[in-house]
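K.L.:
My questions will all concern the structure given below.
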Amino acid sequence: MNLPIGLRAKVVILSLFLLCLPWLGYEYVWEMEKYLRYGQEKTLEGTTQALATALHERPKLFDNQASFLKQVEKGRDLYAYPLAGPIQLDGKLSDWDLYRHRTLNYSDEHVIYQRNKSDPANISFSHMVGKYGGYLYGFFKVNDPSLIFRNRKSLRIDRNDHLVMATQSPDGQFRRYIVANTKSGWLSAFELPADPSQSMPVTPESRIQGQWLKTDKGYNIEFRLPLEMVGSKLGFAIHNVNDSKTRQLVNVIGTSATDSVASLGTVLVPSPEIENIIKGMSHNSSRIWVVDNHGRVLAKSGDIRSSSNTWADDIEVNQPDSFWLHFKQQYILPLYYKILTRPPQDFIDSLQDSTELTGSHIEKALSGKQGSTWRLTPDNKAVVLAAASPIWIDDKVMGVVIAEETTHGIRSLRNRALEKLFNVILTIMSMGTLALFIFASSISSRIRRLRDQAELAIDSQGRVRQQIVASKNRDEIGDLSRSFSSIVSRLGQYTHYLENMSSRLSHELRTPVAVVRSSLEHLGLQQLDDQSQKYVSRAQEGVSRLHLILNNLSEATRLEASLTQAESCRFSLKKVISGCMQGYQMTYPDQLFSIHIEDKAMYCDGVPEYIAQLMDKLINNAIEFHQPDSAITVSLTQYQKQAILTVSNIGPLLPKDMNSQIFESMVSIRPQGINGKPHLGLGLYIARLVSDFHHGTIKATNMTKNGVEGVEMSLSLPLSDEK
């Protein structure tokens, strides 16, 4: 549909405006999410700052000696992992399966003493310590091809395979302990003299409990001791004896040397005091970490996979059960969430069991400033925000408080905002579409009405039948309607002038033609020479032709006038056509006619004289164009409630695109001056007038039959019901 430029511009502008609404709303929601993330970042930084304030200037909560280390050496500096529950001390190590990924392995690289340095170390072990309640738990899984137990009768406890523990107790004293069993079973633990050069006398230590279990590859030692025995320094060493006779020490492999405090490594035990503080101050929304200045975890609280806070609160307003709510949940929301994504609770948290944390935010906090960072989980399902604040003790950063949260809450808020936005967009788009549909329908209906008026204003012959009603609307279509109305009005006036021209010419020319004719007749009665008589004859011939033209013009005019006043009657079309054909056979005795009239009663409503006049024009046209010595075929048949009259002749074909134009007024395809008679193209025009009066249709078509070409005139007339 071609709309005026102004209307097209209106439609385009309105369409662009409707398309901008979803884009603007979508951009607004994303901008809102950016500010929400910024707000969450600042909120989390405030949380870490508040917790750090609670830990400022409390040196007893931190390991001073570990804090002054330049770096933490893995294997030498130990970490007591928080255990989920107490360990069953049976030597089978099955309770440690959950923590196997935390186990440290010791072999040739950790040899402390080797009697024969050229011999390789023939033992190794895996080791781990953990904390639960008020106890430090640990195990050693030793690979030793020759296990040598302590001799029951010997007072020496160091001439066999044994475990040495050394620590600096909380009171600052250096203490050493030895575990040396005579057989598999409950541990036999003793405290050694403080002087490393002495191994006797020993004092039994019942606080160290556990099991020694012989295995196929060596032995397992599973133990526990109260945390009050352990300070910030701790070391373990496995002493290996291979010969039960000589009982000489072969080698020592351990976490560190156990002969002095300076040789010991550090041990970091998560602080229960710090855990109590952060549990009391943390939100359920965050996971709180406290690490020392080496990044080792001192305490942890919370779980980001099960967190819920003001960011992640369910903001669904309790709505009454309704059709709209059911429809939205069943159909609309599933459609939305083909685009949106729901925040997953099940994602991979790579830091869940971490004992050491690193990151730009921690480095910034260790430098004395607050820091924050965003990270993506390994499975790309969640975004985690981490903020860190320093813990100050005597103008020195002794640790960092770290708080972590996912963006699930913000993503939920964003999804809810987008849901509402999509609802608004759907509503606006639906209303806009409806408005555009109504607007376009209004335009289309007005254009269709204008089209229908234009089609009805002028008939197929180009005559103006009715005027176009000018629209009063002050828009482009109204202007077009008024322009069409003006054009059709002027065209109607001109057509009326042309239609009445023939009658005016006929009326105005009859008197001078009669005067000229009478003058020529009187002149012809006089004696004239041959030359003058020749000119008089030619003048009389011209006047006769002019008189014939006037008669033809008046015939069409009279017929049009009489048709408007004619009274119809019911007559037999068969009788009229049969009578006409009998007359033509008498009038044209030299012309062959092929007549086929179906023997049926065919009655029409109309004027039989006009049908006869129509037959005169068709037969006269066929005779003028027929091929000599060929027959003119006339057929009258009935098809359903229509009478079909055909008149065909063999002769030249109609020119291209002239099938319908030959029935127009003043249209003729005859060569000028054929047969010496004037032809104004009114014969078939009269035939069409008669056909239209009887509500019939007339058409001309070229025909080719058995290699013979010609033209067929076909008239279809409606039949009246039989009475």
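All residue names refer to the structure tokens as shown: chains lettered A, B, ... in order, residues numbered from 1 in each chain, ligands numbered from 1 in order.
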Just want the 8 Å neighbourhood of Leu225 (chain A), counted on only C-alpha atoms, with same-chain residues fewer than 5 positions away dropped. Output as a VMD selection string.
P.N.:
chain A and resid 135 to 137 207 to 209
K.L.:
I need the residues from that last selection saved to file as an mmCIF file, in the first residue's frame (with all heavy atoms), if you can.
P.N.:
```
data_model
loop_
_atom_site.group_PDB
_atom_site.id
_atom_site.type_symbol
_atom_site.label_atom_id
_atom_site.label_comp_id
_atom_site.auth_asym_id
_atom_site.auth_seq_id
_atom_site.Cartn_x
_atom_site.Cartn_y
_atom_site.Cartn_z
ATOM 1 N N TYR A 135 41.837 -29.825 70.168
ATOM 2 C CA TYR A 135 42.914 -30.768 69.896
ATOM 3 C C TYR A 135 43.527 -30.507 68.523
ATOM 4 O O TYR A 135 42.860 -30.057 67.579
ATOM 5 C CB TYR A 135 42.413 -32.213 69.945
ATOM 6 C CG TYR A 135 42.013 -32.678 71.328
ATOM 7 C CD1 TYR A 135 40.690 -32.584 71.754
ATOM 8 C CD2 TYR A 135 42.970 -33.206 72.203
ATOM 9 C CE1 TYR A 135 40.325 -33.005 73.026
ATOM 10 C CE2 TYR A 135 42.611 -33.642 73.467
ATOM 11 C CZ TYR A 135 41.288 -33.530 73.874
ATOM 12 O OH TYR A 135 40.938 -33.946 75.138
ATOM 13 N N LEU A 136 44.794 -30.845 68.452
ATOM 14 C CA LEU A 136 45.507 -30.876 67.183
ATOM 15 C C LEU A 136 45.649 -32.342 66.781
ATOM 16 O O LEU A 136 46.237 -33.148 67.507
ATOM 17 C CB LEU A 136 46.891 -30.241 67.326
ATOM 18 C CG LEU A 136 47.735 -30.224 66.042
ATOM 19 C CD1 LEU A 136 47.166 -29.226 65.040
ATOM 20 C CD2 LEU A 136 49.194 -29.884 66.350
ATOM 21 N N TYR A 137 45.071 -32.692 65.630
ATOM 22 C CA TYR A 137 45.122 -34.061 65.121
ATOM 23 C C TYR A 137 46.171 -34.122 64.015
ATOM 24 O O TYR A 137 46.457 -33.117 63.327
ATOM 25 C CB TYR A 137 43.781 -34.491 64.549
ATOM 26 C CG TYR A 137 42.693 -34.713 65.575
ATOM 27 C CD1 TYR A 137 41.937 -33.648 66.059
ATOM 28 C CD2 TYR A 137 42.425 -35.991 66.055
ATOM 29 C CE1 TYR A 137 40.941 -33.846 66.998
ATOM 30 C CE2 TYR A 137 41.418 -36.202 66.998
ATOM 31 C CZ TYR A 137 40.678 -35.128 67.456
ATOM 32 O OH TYR A 137 39.691 -35.343 68.384
ATOM 33 N N ARG A 207 49.177 -37.128 77.472
ATOM 34 C CA ARG A 207 48.285 -36.237 76.713
ATOM 35 C C ARG A 207 48.389 -36.466 75.194
ATOM 36 O O ARG A 207 47.502 -36.083 74.448
ATOM 37 C CB ARG A 207 48.603 -34.781 77.037
ATOM 38 C CG ARG A 207 48.261 -34.384 78.473
ATOM 39 C CD ARG A 207 48.622 -32.932 78.744
ATOM 40 N NE ARG A 207 50.079 -32.718 78.650
ATOM 41 C CZ ARG A 207 50.663 -31.531 78.782
ATOM 42 N NH1 ARG A 207 49.923 -30.441 79.011
ATOM 43 N NH2 ARG A 207 51.980 -31.436 78.693
ATOM 44 N N ILE A 208 49.506 -37.072 74.794
ATOM 45 C CA ILE A 208 49.638 -37.426 73.367
ATOM 46 C C ILE A 208 49.033 -38.812 73.191
ATOM 47 O O ILE A 208 49.538 -39.798 73.752
ATOM 48 C CB ILE A 208 51.103 -37.399 72.918
ATOM 49 C CG1 ILE A 208 51.685 -35.995 73.090
ATOM 50 C CG2 ILE A 208 51.228 -37.838 71.466
ATOM 51 C CD1 ILE A 208 53.154 -35.897 72.735
ATOM 52 N N GLN A 209 47.951 -38.868 72.422
ATOM 53 C CA GLN A 209 47.197 -40.111 72.269
ATOM 54 C C GLN A 209 47.111 -40.477 70.786
ATOM 55 O O GLN A 209 47.237 -39.622 69.906
ATOM 56 C CB GLN A 209 45.788 -39.947 72.847
ATOM 57 C CG GLN A 209 45.760 -39.577 74.316
ATOM 58 C CD GLN A 209 44.355 -39.253 74.790
ATOM 59 O OE1 GLN A 209 43.482 -38.961 73.991
ATOM 60 N NE2 GLN A 209 44.158 -39.307 76.107
#
```
K.L.:
With distances taken over only C-alpha atoms, which of A:Val267, A:Leu163, A:Ile157, A:Val291 is nearest to Thr182 (chain A)?
P.N.:
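The shortest atom-to-atom distance to Thr182 (chain A) comes from A:Ile157.
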K.L.:
Identify which of the residues A:Gln638, A:Asn473, A:Ser389, A:Thr355 lies closest to Val401 (chain A), counting only C-alpha atoms when measuring atom-to-atom distances.
P.N.:
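Under the stated criterion, the closest residue is A:Ser389.
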K.L.:
Using only C-alpha atoms, which of A:Lys420, A:Lys233, A:Arg449, A:Arg545 sits nearest Leu264 (chain A)?
P.N.:
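For Leu264 (chain A), the nearest of the given residues is A:Lys233.
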K.L.:
Using only C-alpha atoms, which protein or nucleic acid residues come within 10 Å of Ala454 (chain A)? Drop anything in the same chain fewer than 5 positions from it, and give the result as a PyMOL selection string.
P.N.:
chain A and resi 448-449+459+464+466-469+481+484-485+488
K.L.:
What separation in Å, quoted to one decimal, exists between CA of Asp108 (chain A) and CA of Met200 (chain A)?
P.N.:
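Distance between the two atoms: 29.4 Å.
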K.L.:
For region 703-720 of chain A, find every residue with an atom within 7 Å (counting only C-alpha atoms), except residues of its own chain fewer than 3 positions away, and show them as a ChimeraX atom specification.
P.N.:
/A:602-605,641-653,694-700
K.L.:
Which residues come within 12 Å of Glu109 (chain A), counting only C-alpha atoms, excluding same-chain residues fewer than 2 positions away, as number ranges by chain?
P.N.:
A: 75-76, 105-107, 111-114, 120-121, 123-125, 252-256
K.L.:
I'd like the contact shell of Ser126 (chain A) - 8 Å cut-off, only C-alpha atoms, skipping same-chain residues fewer than 5 positions apart - returned as a PyMOL selection string.
P.N.:
chain A and resi 103-106+140-142
K.L.:
Taking only C-alpha atoms into account, name the residue in A:Glu404, A:Glu27, A:Glu222, A:Glu598 that is nearest to Val290 (chain A).
P.N.:
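Looking only at the distances to Val290 (chain A), the closest residue turns out to be A:Glu404.
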K.L.:
Rounded to one decimal place, report the CA of Trp212 (chain A)-CA of Ser188 (chain A) distance in Å.
P.N.:
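Value for the CA of Trp212 (chain A)-CA of Ser188 (chain A) distance: 8.9 Å.
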